[in-house]
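Below: start.tsv (TSV, C-alpha atoms and all ligand atoms)
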chain	number	residue	atom	x	y	z
U	790	MET	CA	0.00	0.00	0.00
U	791	THR	CA	1.34	3.40	-0.94
U	792	PRO	CA	-0.09	6.32	1.04
U	793	PRO	CA	-1.23	9.32	-1.03
U	794	LEU	CA	1.67	11.69	-1.56
U	795	PRO	CA	1.35	15.20	-0.16
U	796	PRO	CA	1.52	17.97	-2.79
U	797	SER	CA	5.18	18.35	-3.64
U	798	ARG	CA	7.08	21.50	-2.85
U	799	ASP	CA	7.96	21.82	-6.54
U	800	ALA	CA	4.29	21.79	-7.48
U	801	ALA	CA	3.57	24.42	-4.84
U	802	ARG	CA	6.34	26.63	-6.14
U	803	ARG	CA	5.16	26.23	-9.76
U	804	GLU	CA	1.70	27.30	-8.67
U	805	ARG	CA	3.13	30.31	-6.83
U	806	VAL	CA	5.24	31.36	-9.82
U	807	THR	CA	2.23	31.05	-12.11
U	808	ARG	CA	0.15	33.23	-9.81
U	809	ARG	CA	2.95	35.78	-9.70
U	810	ARG	CA	3.12	35.86	-13.53
U	811	ARG	CA	-0.63	36.38	-13.81
U	812	ARG	CA	-0.41	39.23	-11.35
U	813	THR	CA	2.44	40.84	-13.28
U	814	VAL	CA	0.50	40.71	-16.54
U	815	ALA	CA	-2.58	42.20	-14.87
U	816	THR	CA	-0.51	44.98	-13.32
U	817	ALA	CA	1.15	45.79	-16.63
U	818	ALA	CA	-2.24	46.02	-18.34
U	819	ALA	CA	-3.53	48.30	-15.60
U	820	CYS	CA	-0.48	50.53	-15.96
U	821	LEU	CA	-0.95	50.81	-19.70
U	822	SER	CA	-4.60	51.77	-19.40
U	823	ALA	CA	-3.80	54.28	-16.64
U	824	ALA	CA	-1.13	55.83	-18.83
U	825	ALA	CA	-3.60	56.11	-21.71
U	826	MET	CA	-6.13	57.86	-19.44
U	827	LEU	CA	-3.47	60.26	-18.23
U	828	LEU	CA	-2.42	61.17	-21.73
U	829	ALA	CA	-6.06	61.72	-22.67
U	830	GLY	CA	-6.63	63.85	-19.55
U	831	VAL	CA	-3.71	66.24	-20.02
U	832	GLY	CA	-3.79	66.29	-23.79
U	833	ILE	CA	-0.92	65.67	-26.14
U	834	PHE	CA	2.40	66.40	-24.50
U	835	ALA	CA	5.30	66.38	-26.90
U	836	GLY	CA	8.14	64.15	-25.72
U	837	ALA	CA	6.19	62.87	-22.70
U	838	GLY	CA	7.25	59.32	-23.37
U	839	GLU	CA	10.95	60.20	-23.05
U	840	ASP	CA	10.70	62.51	-20.07
U	841	PRO	CA	10.92	60.64	-16.73
U	842	SER	CA	10.04	63.75	-14.74
U	843	TYR	CA	6.83	64.06	-16.65
U	844	ALA	CA	5.96	60.47	-15.89
U	845	ALA	CA	6.65	61.03	-12.19
U	846	GLU	CA	4.38	64.07	-12.06
U	847	ALA	CA	1.60	62.68	-14.19
U	848	PRO	CA	-0.52	61.10	-11.40
U	849	THR	CA	-0.87	64.56	-9.76
U	850	ALA	CA	-2.54	65.84	-12.92
U	851	GLU	CA	-4.98	62.95	-12.73
U	852	ALA	CA	-5.72	63.64	-9.07
U	853	SER	CA	-6.34	67.35	-9.60
U	854	SER	CA	-8.70	66.64	-12.49
U	855	THR	CA	-10.78	64.36	-10.26
U	856	PRO	CA	-12.28	66.33	-7.32
U	857	SER	CA	-13.18	63.23	-5.29
U	858	ALA	CA	-9.68	61.77	-5.50
U	859	SER	CA	-7.34	62.10	-2.55
U	860	PRO	CA	-4.37	64.46	-3.02
U	861	ARG	CA	-2.01	61.52	-3.46
U	862	PRO	CA	-2.64	58.83	-6.04
U	863	THR	CA	-4.07	55.75	-4.38
U	864	SER	CA	-4.02	53.34	-7.27
U	865	ALA	CA	-0.55	52.09	-6.39
U	866	ALA	CA	-1.58	51.39	-2.80
U	867	THR	CA	-4.67	49.42	-3.76
U	868	THR	CA	-3.06	47.28	-6.46
U	869	GLU	CA	0.22	46.62	-4.65
U	870	PRO	CA	0.22	43.15	-3.08
U	871	ALA	CA	0.42	43.01	0.71
U	872	ALA	CA	3.89	42.49	2.21
U	873	PRO	CA	4.62	38.78	1.76
U	874	ALA	CA	4.87	36.51	4.76
U	875	PHE	CA	8.46	35.84	5.83
U	876	CYS	CA	8.20	32.06	5.49
U	877	THR	CA	8.06	31.81	1.71
U	878	ASP	CA	8.86	28.51	0.00
U	879	ASP	CA	12.39	29.72	-0.70
U	880	VAL	CA	13.02	30.73	2.90
U	881	THR	CA	11.48	27.50	4.19
U	882	GLU	CA	13.61	25.43	1.84
U	883	ALA	CA	16.78	27.25	2.91
U	884	ALA	CA	15.82	26.89	6.58
U	885	ASN	CA	15.26	23.15	6.15
U	886	ALA	CA	18.71	22.82	4.56
U	887	GLY	CA	20.29	24.36	7.67
U	888	VAL	CA	22.87	26.48	5.83
U	889	ALA	CA	23.00	29.91	7.40
U	890	ASP	CA	24.37	31.86	4.44
U	891	ALA	CA	21.68	30.44	2.15
U	892	LEU	CA	18.96	31.26	4.68
U	893	ALA	CA	20.21	34.83	5.05
U	894	GLU	CA	20.21	35.25	1.28
U	895	ALA	CA	16.69	33.81	0.90
U	896	ALA	CA	15.52	36.09	3.70
U	897	GLY	CA	16.84	39.22	2.00
U	898	GLY	CA	19.92	39.58	4.18
U	899	ALA	CA	21.11	38.75	7.66
U	900	GLU	CA	19.49	41.83	9.19
U	901	ALA	CA	16.12	40.98	7.64
U	902	LEU	CA	16.48	37.45	8.98
U	903	ARG	CA	17.30	38.72	12.44
U	904	GLU	CA	14.36	41.09	12.40
U	905	ALA	CA	12.01	38.25	11.47
U	906	LEU	CA	13.46	36.08	14.23
U	907	VAL	CA	13.06	38.80	16.84
U	908	ASP	CA	9.54	39.69	15.68
U	909	GLY	CA	8.47	36.05	15.68
U	910	ASP	CA	7.75	36.11	11.93
U	911	ALA	CA	10.27	33.33	11.32
U	912	SER	CA	8.99	30.91	13.95
U	913	ASP	CA	6.99	28.84	11.42
U	914	CYS	CA	10.02	27.99	9.31
U	915	VAL	CA	13.25	28.66	11.23
U	916	ASP	CA	13.81	26.22	14.06
U	917	LEU	CA	16.41	27.55	16.49
U	918	ALA	CA	16.62	24.16	18.19
U	919	ASP	CA	17.37	22.20	15.00
U	920	PRO	CA	20.77	20.67	15.83
U	921	THR	CA	21.63	20.29	12.14
U	922	ALA	CA	21.17	24.03	11.46
U	923	GLN	CA	24.20	26.29	11.51
U	924	TRP	CA	22.28	28.84	13.59
U	925	ALA	CA	21.26	26.25	16.20
U	926	LEU	CA	20.92	27.68	19.68
U	927	VAL	CA	22.21	25.52	22.51
U	928	ASN	CA	22.50	27.00	25.97
U	929	LYS	CA	21.52	26.35	29.58
U	930	ARG	CA	17.82	26.61	28.69
U	931	GLN	CA	18.00	24.72	25.41
U	932	SER	CA	19.66	21.32	25.36
U	933	VAL	CA	20.83	19.62	22.22
U	934	ASP	CA	17.65	18.02	20.87
U	935	PRO	CA	17.66	15.03	20.66
U	936	ILE	CA	19.99	14.96	23.62
U	937	ASP	CA	22.14	12.18	22.12
U	938	TYR	CA	22.40	13.90	18.71
U	939	ALA	CA	25.60	13.05	16.88
U	940	PRO	CA	26.42	14.76	13.56
U	941	SER	CA	28.67	13.47	10.80
U	942	VAL	CA	32.03	15.08	11.38
U	943	VAL	CA	35.36	15.30	9.58
U	944	VAL	CA	38.93	16.03	10.57
U	945	PRO	CA	39.93	19.51	9.38
U	946	ALA	CA	43.33	20.11	7.79
U	947	THR	CA	44.16	22.44	10.68
U	948	TYR	CA	46.49	20.77	13.15
U	949	SER	CA	44.83	19.30	16.21
U	950	PRO	CA	46.84	17.60	18.95
U	951	VAL	CA	43.80	15.48	19.81
U	952	GLY	CA	42.48	14.81	16.31
U	953	GLY	CA	39.57	17.23	16.76
U	954	GLN	CA	36.62	17.02	14.38
U	955	LEU	CA	33.92	19.39	13.11
U	956	VAL	CA	30.97	19.22	10.72
U	957	PRO	CA	32.28	19.73	7.17
U	958	ASP	CA	31.32	23.40	6.67
U	959	ALA	CA	32.84	24.36	10.01
U	960	ALA	CA	35.97	22.32	9.27
U	961	GLY	CA	36.49	24.19	5.99
U	962	ALA	CA	35.86	27.50	7.74
U	963	LEU	CA	38.39	26.68	10.46
U	964	ASP	CA	41.00	25.87	7.83
U	965	ALA	CA	40.27	29.21	6.14
U	966	LEU	CA	40.55	31.01	9.47
U	967	ALA	CA	43.90	29.37	10.27
U	968	GLN	CA	45.18	30.23	6.79
U	969	GLY	CA	43.99	33.80	7.23
U	970	ALA	CA	45.90	34.14	10.49
U	971	ARG	CA	49.00	32.66	8.87
U	972	ASP	CA	48.74	34.99	5.87
U	973	ALA	CA	48.33	38.00	8.15
U	974	GLY	CA	51.50	37.07	10.04
U	975	ALA	CA	49.54	36.39	13.24
U	976	GLY	CA	50.92	32.88	13.58
U	977	GLU	CA	49.63	29.33	13.76
U	978	ILE	CA	46.28	28.28	15.17
U	979	ALA	CA	45.41	24.73	16.18
U	980	LEU	CA	42.16	23.01	17.09
U	981	SER	CA	42.27	22.01	20.74
U	982	SER	CA	38.76	20.60	20.86
U	983	GLY	CA	35.99	20.40	18.28
U	984	TYR	CA	33.08	17.97	18.25
U	985	ARG	CA	32.38	16.34	21.60
U	986	SER	CA	29.78	13.62	21.95
U	987	TYR	CA	27.33	13.55	24.86
U	988	ASP	CA	29.63	11.08	26.63
U	989	ASP	CA	32.75	13.15	25.92
U	990	GLN	CA	31.00	16.17	27.41
U	991	ALA	CA	29.96	14.18	30.48
U	992	THR	CA	33.62	13.35	31.05
U	993	ALA	CA	34.79	16.92	30.41
U	994	TYR	CA	32.15	18.40	32.71
U	995	GLN	CA	32.85	15.90	35.50
U	996	SER	CA	36.56	16.72	35.42
U	997	GLN	CA	35.68	20.40	35.87
U	998	VAL	CA	33.33	19.57	38.75
U	999	ASP	CA	36.05	17.49	40.38
U	1000	ALA	CA	38.56	20.32	40.02
U	1001	LEU	CA	36.40	23.34	40.79
U	1002	GLY	CA	33.16	22.23	42.40
U	1003	ALA	CA	29.79	22.22	40.63
U	1004	GLU	CA	29.04	25.92	40.92
U	1005	GLU	CA	32.33	27.06	39.43
U	1006	ALA	CA	32.27	24.27	36.84
U	1007	ASP	CA	28.96	25.55	35.47
U	1008	LEU	CA	30.61	28.88	34.66
U	1009	THR	CA	33.24	27.25	32.48
U	1010	SER	CA	31.86	23.95	31.22
U	1011	ALA	CA	28.50	22.80	29.89
U	1012	ARG	CA	26.65	19.88	31.36
U	1013	PRO	CA	26.35	16.91	28.99
U	1014	GLY	CA	23.67	17.57	26.38
U	1015	TYR	CA	24.04	21.34	26.74
U	1016	SER	CA	27.26	21.98	24.83
U	1017	GLU	CA	27.62	23.56	21.41
U	1018	HIS	CA	30.53	21.20	20.92
U	1019	GLN	CA	27.99	18.39	20.50
U	1020	LEU	CA	26.74	20.16	17.35
U	1021	GLY	CA	30.16	19.99	15.70
U	1022	LEU	CA	29.92	23.76	15.22
U	1023	ALA	CA	32.21	24.89	18.05
U	1024	ALA	CA	35.99	25.02	18.04
U	1025	ASP	CA	38.28	25.64	20.98
U	1026	VAL	CA	41.47	27.00	19.45
U	1027	VAL	CA	45.01	27.48	20.71
U	1028	ALA	CA	48.05	29.39	19.48
U	1029	CYS	CA	51.15	27.50	18.40
U	1030	ASP	CA	54.74	28.38	17.61
U	1031	ALA	CA	57.96	26.47	17.00
U	1032	ALA	CA	58.04	25.43	20.65
U	1033	GLY	CA	54.54	23.94	20.53
U	1034	CYS	CA	50.97	24.95	21.27
U	1035	GLY	CA	49.67	26.90	24.24
U	1036	THR	CA	46.56	26.16	26.24
U	1037	ILE	CA	43.07	27.50	25.62
U	1038	TYR	CA	43.54	29.74	28.68
U	1039	ASP	CA	46.57	31.42	27.06
U	1040	PHE	CA	44.86	32.07	23.75
U	1041	GLY	CA	43.27	35.45	24.51
U	1042	GLY	CA	46.67	36.97	25.27
U	1043	THR	CA	48.40	35.80	22.08
U	1044	ALA	CA	48.85	37.49	18.69
U	1045	GLN	CA	46.59	34.78	17.29
U	1046	GLY	CA	43.96	35.60	19.91
U	1047	ALA	CA	44.03	39.29	19.04
U	1048	TRP	CA	43.77	38.51	15.33
U	1049	VAL	CA	40.87	36.10	15.89
U	1050	GLN	CA	38.99	38.67	17.93
U	1051	GLU	CA	39.16	41.11	15.01
U	1052	ASN	CA	38.85	38.78	12.06
U	1053	ALA	CA	37.10	35.50	12.90
U	1054	TRP	CA	33.76	36.81	11.58
U	1055	ARG	CA	35.25	37.04	8.08
U	1056	TYR	CA	35.38	33.23	8.11
U	1057	GLY	CA	31.95	32.71	9.66
U	1058	TRP	CA	32.99	32.42	13.32
U	1059	ILE	CA	31.90	34.41	16.35
U	1060	THR	CA	33.44	34.51	19.82
U	1061	ARG	CA	30.52	32.95	21.62
U	1062	TYR	CA	31.32	33.91	25.23
U	1063	VAL	CA	32.56	37.40	26.04
U	1064	GLY	CA	32.59	39.38	29.27
U	1065	GLU	CA	29.49	41.46	28.52
U	1066	GLY	CA	27.55	38.28	27.81
U	1067	THR	CA	28.11	36.39	31.07
U	1068	SER	CA	24.83	37.55	32.64
U	1069	GLU	CA	22.96	36.17	29.61
U	1070	THR	CA	24.93	33.02	28.87
U	1071	GLY	CA	26.03	31.99	32.34
U	1072	TYR	CA	29.57	31.46	31.04
U	1073	GLU	CA	32.70	33.39	31.81
U	1074	PRO	CA	34.57	34.82	28.81
U	1075	GLU	CA	36.13	32.19	26.57
U	1076	PRO	CA	38.22	33.90	23.88
U	1077	TRP	CA	39.20	30.45	22.58
U	1078	HIS	CA	35.66	29.15	22.03
U	1079	LEU	CA	34.57	29.97	18.49
U	1080	ARG	CA	31.16	29.16	17.10
U	1081	TYR	CA	30.51	28.74	13.41
U	1082	VAL	CA	27.38	30.55	12.13
U	1083	GLY	CA	28.33	31.31	8.50
U	1084	THR	CA	29.80	34.54	7.18
U	1085	ALA	CA	26.53	36.43	6.65
U	1086	LEU	CA	25.32	36.05	10.22
U	1087	ALA	CA	28.81	36.46	11.70
U	1088	GLU	CA	29.19	39.77	9.88
U	1089	ALA	CA	25.78	41.02	11.03
U	1090	TYR	CA	26.58	39.86	14.56
U	1091	VAL	CA	29.84	41.80	14.71
U	1092	GLU	CA	28.52	44.87	12.89
U	1093	GLY	CA	25.52	44.96	15.20
U	1094	GLY	CA	27.76	44.81	18.27
U	1095	TYR	CA	25.96	41.84	19.83
U	1096	ALA	CA	27.51	40.17	22.87
U	1097	THR	CA	25.50	36.95	22.80
U	1098	TRP	CA	24.02	34.64	20.21
U	1099	GLU	CA	20.86	34.62	22.32
U	1100	ASP	CA	20.49	38.37	21.85
U	1101	PHE	CA	21.15	38.15	18.12
U	1102	LEU	CA	18.44	35.50	17.70
U	1103	GLY	CA	15.98	37.30	19.95
U	1104	ALA	CA	16.07	34.35	22.35
U	1105	PRO	CA	15.77	34.69	26.12
U	1106	ALA	CA	18.84	34.89	28.34
U	1107	ALA	CA	20.01	31.53	29.62
U	1108	ALA	CA	22.29	32.25	32.56
U	1109	ASP	CA	21.05	29.26	34.55
U	1110	TYR	CA	19.78	25.75	33.98
U	1111	GLU	CA	16.03	25.52	34.47
U	1201	ZN	ZN	34.49	25.36	23.80
Serialized structure, structure tokens:
Amino acid sequence: MTPPLPPSRDAARRERVTRRRRRTVATAAACLSAAAMLLAGVGIFAGAGEDPSYAAEAPTAEASSTPSASPRPTSAATTEPAAPAFCTDDVTEAANAGVADALAEAAGGAEALREALVDGDASDCVDLADPTAQWALVNKRQSVDPIDYAPSVVVPATYSPVGGQLVPDAAGALDALAQGARDAGAGEIALSSGYRSYDDQATAYQSQVDALGAEEADLTSARPGYSEHQLGLAADVVACDAAGCGTIYDFGGTAQGAWVQENAWRYGWITRYVGEGTSETGYEPEPWHLRYVGTALAEAYVEGGYATWEDFLGAPAAADYE
């Protein structure tokens, strides 16, 4: 038995395109007839067809010749289609694919996307909790969902003393970042820790609890199931030189750290935890913890001066576990 297939997305898009074409033809016809009426109303005007200023002023002549008409022409307002809903087929398709740059482009830019997220207009098609999406939000209020989610990951070309892994787009972006730092003369960057499974995170968190106590550990390490590292989209980086690599705690004070702070966004990375964000994220600053969000959103994030990914997405602060 084969269940009836739902209408395909392609069919829906074809229908939409057809409707749009019909509307365009109707609008063009209306414009032509309006232009003919205008010409008839003001009489023959030599060169009118070539004079853009005449065309711009023409509706005023029509309005003044019609006493009941409002001072401004209203025909445009009544025939113009209403502002389209944010979740068009194109936006929905890009959102389902999980690629942030493609979603920003479909949405008309990163700022337009952010505005729709903040206003709630994107909630029908953009899932902030989708662990496969490059914009996925994971924090102390939002666990990885499903909690044992495990993406397909690869080993980036960038040196990693522990064989760190990332999802493919983030791996490529880390390699580009490391090359950028090298080209700029800022030095070598290595991947200290990338993807961590639920079990890896349980081990990492427990070691922090053992060393610092639970309260302090929560400021520096996520509980299992609550780490961005489980998405394969987070990279803890360290600075290296001929003598070897430093620790994550050294990174902020290195030439590489300074370069990353200024330039990581160019490669699609943001510094996820900064000092101004602690009251919202519940984490102390981590200059070494980079989060991949794609270049479009990273640029908008930095240009907008945001301190937390929560704020950028219009999501509530998540300083504590619920
Ligand atoms: Zn990290």
Next on the checklist: Please find the residues contacting ligand ZN 1201 (chain U) at a distance of at most 7 Å between atoms, with all atoms listed in the file counted, and report them as a VMD selection string.
Outcome noted: chain U and resid 1018 1023 to 1025 1078
Item to check | Computed interatomic separation between atom CA of Pro957 of chain U and atom CA of Leu926 of chain U (Å) | outcome: 18.7 Å
Next on the checklist: Please list as a list of chain:residue names every residue within 8 Å of Leu902 of chain U, counting all atoms listed in the file and excluding residues in the same chain fewer than 3 positions away.
Outcome noted: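 Counting all atoms listed in the file, the residues come to U:Leu892, U:Ala893, U:Ala896, U:Gly897, U:Gly898, U:Ala899, U:Ala905, U:Leu906, U:Ala911.
As for atom CA of Gly1033 of chain U and atom CA of Ile978 of chain U, they are spaced 10.8 Å apart.
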Selection: 10 Å around Arg1080 of chain U, all atoms listed in the file, excl. self and same-chain fewer than 2 positions, as a compact mmCIF listing (two decimals) with C-alpha atoms, in the frame of the given file:
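So result.txt came out as:
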# COMPACT_ATOMS: atom_id res chain seq x y z
CA GLN U 923 24.20 26.29 11.51
CA TRP U 924 22.28 28.84 13.59
CA ALA U 959 32.84 24.36 10.01
CA GLU U 1017 27.62 23.56 21.41
CA HIS U 1018 30.53 21.20 20.92
CA GLY U 1021 30.16 19.99 15.70
CA LEU U 1022 29.92 23.76 15.22
CA ALA U 1023 32.21 24.89 18.05
CA ALA U 1024 35.99 25.02 18.04
CA ASP U 1025 38.28 25.64 20.98
CA ALA U 1053 37.10 35.50 12.90
CA TRP U 1054 33.76 36.81 11.58
CA GLY U 1057 31.95 32.71 9.66
CA TRP U 1058 32.99 32.42 13.32
CA ILE U 1059 31.90 34.41 16.35
CA THR U 1060 33.44 34.51 19.82
CA ARG U 1061 30.52 32.95 21.62
CA TYR U 1062 31.32 33.91 25.23
CA TRP U 1077 39.20 30.45 22.58
CA HIS U 1078 35.66 29.15 22.03
CA VAL U 1082 27.38 30.55 12.13
CA GLY U 1083 28.33 31.31 8.50
CA ALA U 1087 28.81 36.46 11.70
CA TRP U 1098 24.02 34.64 20.21
Item to check | Best match for closeness to Pro1105 of chain U among U:Ser981, U:Thr1070, U:Gln997, U:Ser1010, counting all atoms listed in the file | outcome: U:Thr1070
Item to check | Which residue of U:Ala1000, U:Ala973, U:Val915, U:Ala901 approaches Glu1051 of chain U most closely, using only C-alpha atoms | outcome: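 With only C-alpha atoms as the atom set, the closest residue is U:Ala973.
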Checklist outcome for this item: The distance between atom CA of Ala925 of chain U and atom CA of Asn885 of chain U is 12.1 Å
Next on the checklist: I need every residue sitting at most 10 Å from the point (7.2, 33.2, 5.3) (coordinates as in the file, all atoms listed in the file considered), written as a list in words.
Outcome noted: Pro873, Ala874, Phe875, Cys876, Thr877, Asp878, Asp879, Val880, Thr881, Ala896, Ala905, Asp910, Ala911, Ser912, Asp913, Cys914 and Val915 of chain U
Resulting file, chosen residues, C-alpha atoms, as a compact mmCIF listing (two decimals), in the coordinates of the input:
# COMPACT_ATOMS: atom_id res chain seq x y z
CA PRO U 873 4.62 38.78 1.76
CA ALA U 874 4.87 36.51 4.76
CA PHE U 875 8.46 35.84 5.83
CA CYS U 876 8.20 32.06 5.49
CA THR U 877 8.06 31.81 1.71
CA ASP U 878 8.86 28.51 0.00
CA ASP U 879 12.39 29.72 -0.70
CA VAL U 880 13.02 30.73 2.90
CA THR U 881 11.48 27.50 4.19
CA ALA U 896 15.52 36.09 3.70
CA ALA U 905 12.01 38.25 11.47
CA ASP U 910 7.75 36.11 11.93
CA ALA U 911 10.27 33.33 11.32
CA SER U 912 8.99 30.91 13.95
CA ASP U 913 6.99 28.84 11.42
CA CYS U 914 10.02 27.99 9.31
CA VAL U 915 13.25 28.66 11.23
Item to check | Near-Arg1055 of chain U list (12 Å; all atoms listed in the file; drop same-chain fewer than 4 positions) as a list of chain:residue names | outcome: U:Ala962, U:Leu963, U:Ala965, U:Leu966, U:Ala967, U:Gly969, U:Ala970, U:Trp1048, U:Val1049, U:Gln1050, U:Glu1051, U:Ile1059, U:Tyr1081, U:Val1082, U:Gly1083, U:Thr1084, U:Ala1085, U:Leu1086, U:Ala1087, U:Glu1088, U:Ala1089, U:Tyr1090, U:Val1091, U:Glu1092
Next on the checklist: Would you pick out the contacts of segment 929-939 of chain U at 9 Å or less, using all atoms listed in the file, so that residues sharing its chain but fewer than 5 positions from it are not included, and give the list as a ChimeraX atom specification?
Outcome noted: /U:918-920,985-988,1011-1017,1019-1021,1070-1071,1105-1111
Checklist entry - Out of U:Gly1035, U:Gly887, U:Gly1066, U:Gly983, which residue has the shortest atom-to-atom distance to Val951 of chain U when counting all atoms listed in the file? => result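 Nearest to Val951 of chain U: U:Gly983.
If all atoms listed in the file are the atoms counted, then among U:Ala1044, U:Ala975, U:Cys1034, U:Ala1104 the closest residue to Val927 of chain U is U:Ala1104.
Once Val942 of chain U and its same-chain neighbours fewer than 6 positions away are set aside, Gln954, Leu955, Val956, Pro957, Ala960, Tyr984 and Gly1021 of chain U remain within 9 Å of it when counting only C-alpha atoms.
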Next on the checklist: So, with only C-alpha atoms as the atoms that count, which of U:Ala895, U:Gly974, U:Val1026, U:Ala991 lies closest to Gly953 of chain U?
Outcome noted: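 The shortest atom-to-atom distance to Gly953 of chain U comes from U:Val1026.
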Next on the checklist: Between U:Ser1068, U:Ser996, U:Gln990, U:Ser982, which residue has the minimum interatomic distance to Gly952 of chain U, considering all atoms listed in the file?
Outcome noted: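 Smallest distance to Gly952 of chain U is found for U:Ser982.
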When you get a chance, write out N, CA and C atoms for segment 1025-1045 of chain U, as a PDB file, in the frame of the given file.
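Saved to result25.pdb:
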ATOM      1  N   ASP U1025      37.373  25.031  20.002  1.00  0.00           N
ATOM      2  CA  ASP U1025      38.280  25.640  20.980  1.00  0.00           C
ATOM      3  C   ASP U1025      39.656  25.677  20.324  1.00  0.00           C
ATOM      4  N   VAL U1026      40.205  26.877  20.194  1.00  0.00           N
ATOM      5  CA  VAL U1026      41.470  27.000  19.450  1.00  0.00           C
ATOM      6  C   VAL U1026      42.600  27.450  20.369  1.00  0.00           C
ATOM      7  N   VAL U1027      43.803  27.100  19.959  1.00  0.00           N
ATOM      8  CA  VAL U1027      45.010  27.480  20.710  1.00  0.00           C
ATOM      9  C   VAL U1027      46.025  28.057  19.723  1.00  0.00           C
ATOM     10  N   ALA U1028      46.982  28.797  20.280  1.00  0.00           N
ATOM     11  CA  ALA U1028      48.050  29.390  19.480  1.00  0.00           C
ATOM     12  C   ALA U1028      49.294  28.500  19.563  1.00  0.00           C
ATOM     13  N   CYS U1029      49.958  28.344  18.434  1.00  0.00           N
ATOM     14  CA  CYS U1029      51.150  27.500  18.400  1.00  0.00           C
ATOM     15  C   CYS U1029      52.332  28.279  17.816  1.00  0.00           C
ATOM     16  N   ASP U1030      53.524  27.879  18.238  1.00  0.00           N
ATOM     17  CA  ASP U1030      54.740  28.380  17.610  1.00  0.00           C
ATOM     18  C   ASP U1030      55.730  27.228  17.523  1.00  0.00           C
ATOM     19  N   ALA U1031      56.973  27.539  17.212  1.00  0.00           N
ATOM     20  CA  ALA U1031      57.960  26.470  17.000  1.00  0.00           C
ATOM     21  C   ALA U1031      58.124  25.597  18.236  1.00  0.00           C
ATOM     22  N   ALA U1032      57.855  26.176  19.408  1.00  0.00           N
ATOM     23  CA  ALA U1032      58.040  25.430  20.650  1.00  0.00           C
ATOM     24  C   ALA U1032      56.842  24.544  20.976  1.00  0.00           C
ATOM     25  N   GLY U1033      55.731  24.732  20.243  1.00  0.00           N
ATOM     26  CA  GLY U1033      54.540  23.940  20.530  1.00  0.00           C
ATOM     27  C   GLY U1033      53.306  24.819  20.651  1.00  0.00           C
ATOM     28  N   CYS U1034      52.234  24.224  21.157  1.00  0.00           N
ATOM     29  CA  CYS U1034      50.970  24.950  21.270  1.00  0.00           C
ATOM     30  C   CYS U1034      50.698  25.311  22.731  1.00  0.00           C
ATOM     31  N   GLY U1035      50.063  26.465  22.900  1.00  0.00           N
ATOM     32  CA  GLY U1035      49.670  26.900  24.240  1.00  0.00           C
ATOM     33  C   GLY U1035      48.369  26.237  24.650  1.00  0.00           C
ATOM     34  N   THR U1036      47.838  26.691  25.776  1.00  0.00           N
ATOM     35  CA  THR U1036      46.560  26.160  26.240  1.00  0.00           C
ATOM     36  C   THR U1036      45.444  27.108  25.812  1.00  0.00           C
ATOM     37  N   ILE U1037      44.200  26.634  25.955  1.00  0.00           N
ATOM     38  CA  ILE U1037      43.070  27.500  25.620  1.00  0.00           C
ATOM     39  C   ILE U1037      43.094  28.759  26.500  1.00  0.00           C
ATOM     40  N   TYR U1038      43.564  28.607  27.743  1.00  0.00           N
ATOM     41  CA  TYR U1038      43.540  29.740  28.680  1.00  0.00           C
ATOM     42  C   TYR U1038      44.543  30.823  28.295  1.00  0.00           C
ATOM     43  N   ASP U1039      45.589  30.442  27.530  1.00  0.00           N
ATOM     44  CA  ASP U1039      46.570  31.420  27.060  1.00  0.00           C
ATOM     45  C   ASP U1039      46.071  32.201  25.852  1.00  0.00           C
ATOM     46  N   PHE U1040      45.147  31.605  25.118  1.00  0.00           N
ATOM     47  CA  PHE U1040      44.860  32.070  23.750  1.00  0.00           C
ATOM     48  C   PHE U1040      44.534  33.557  23.655  1.00  0.00           C
ATOM     49  N   GLY U1041      43.695  34.054  24.590  1.00  0.00           N
ATOM     50  CA  GLY U1041      43.270  35.450  24.510  1.00  0.00           C
ATOM     51  C   GLY U1041      44.424  36.440  24.533  1.00  0.00           C
ATOM     52  N   GLY U1042      45.545  36.056  25.141  1.00  0.00           N
ATOM     53  CA  GLY U1042      46.670  36.970  25.270  1.00  0.00           C
ATOM     54  C   GLY U1042      47.701  36.844  24.157  1.00  0.00           C
ATOM     55  N   THR U1043      47.417  36.014  23.151  1.00  0.00           N
ATOM     56  CA  THR U1043      48.400  35.800  22.080  1.00  0.00           C
ATOM     57  C   THR U1043      48.082  36.673  20.862  1.00  0.00           C
ATOM     58  N   ALA U1044      49.076  36.761  19.946  1.00  0.00           N
ATOM     59  CA  ALA U1044      48.850  37.490  18.690  1.00  0.00           C
ATOM     60  C   ALA U1044      47.712  36.833  17.914  1.00  0.00           C
ATOM     61  N   GLN U1045      47.669  35.502  17.977  1.00  0.00           N
ATOM     62  CA  GLN U1045      46.590  34.780  17.290  1.00  0.00           C
ATOM     63  C   GLN U1045      45.235  35.154  17.902  1.00  0.00           C
TER      64      GLN U1045
END
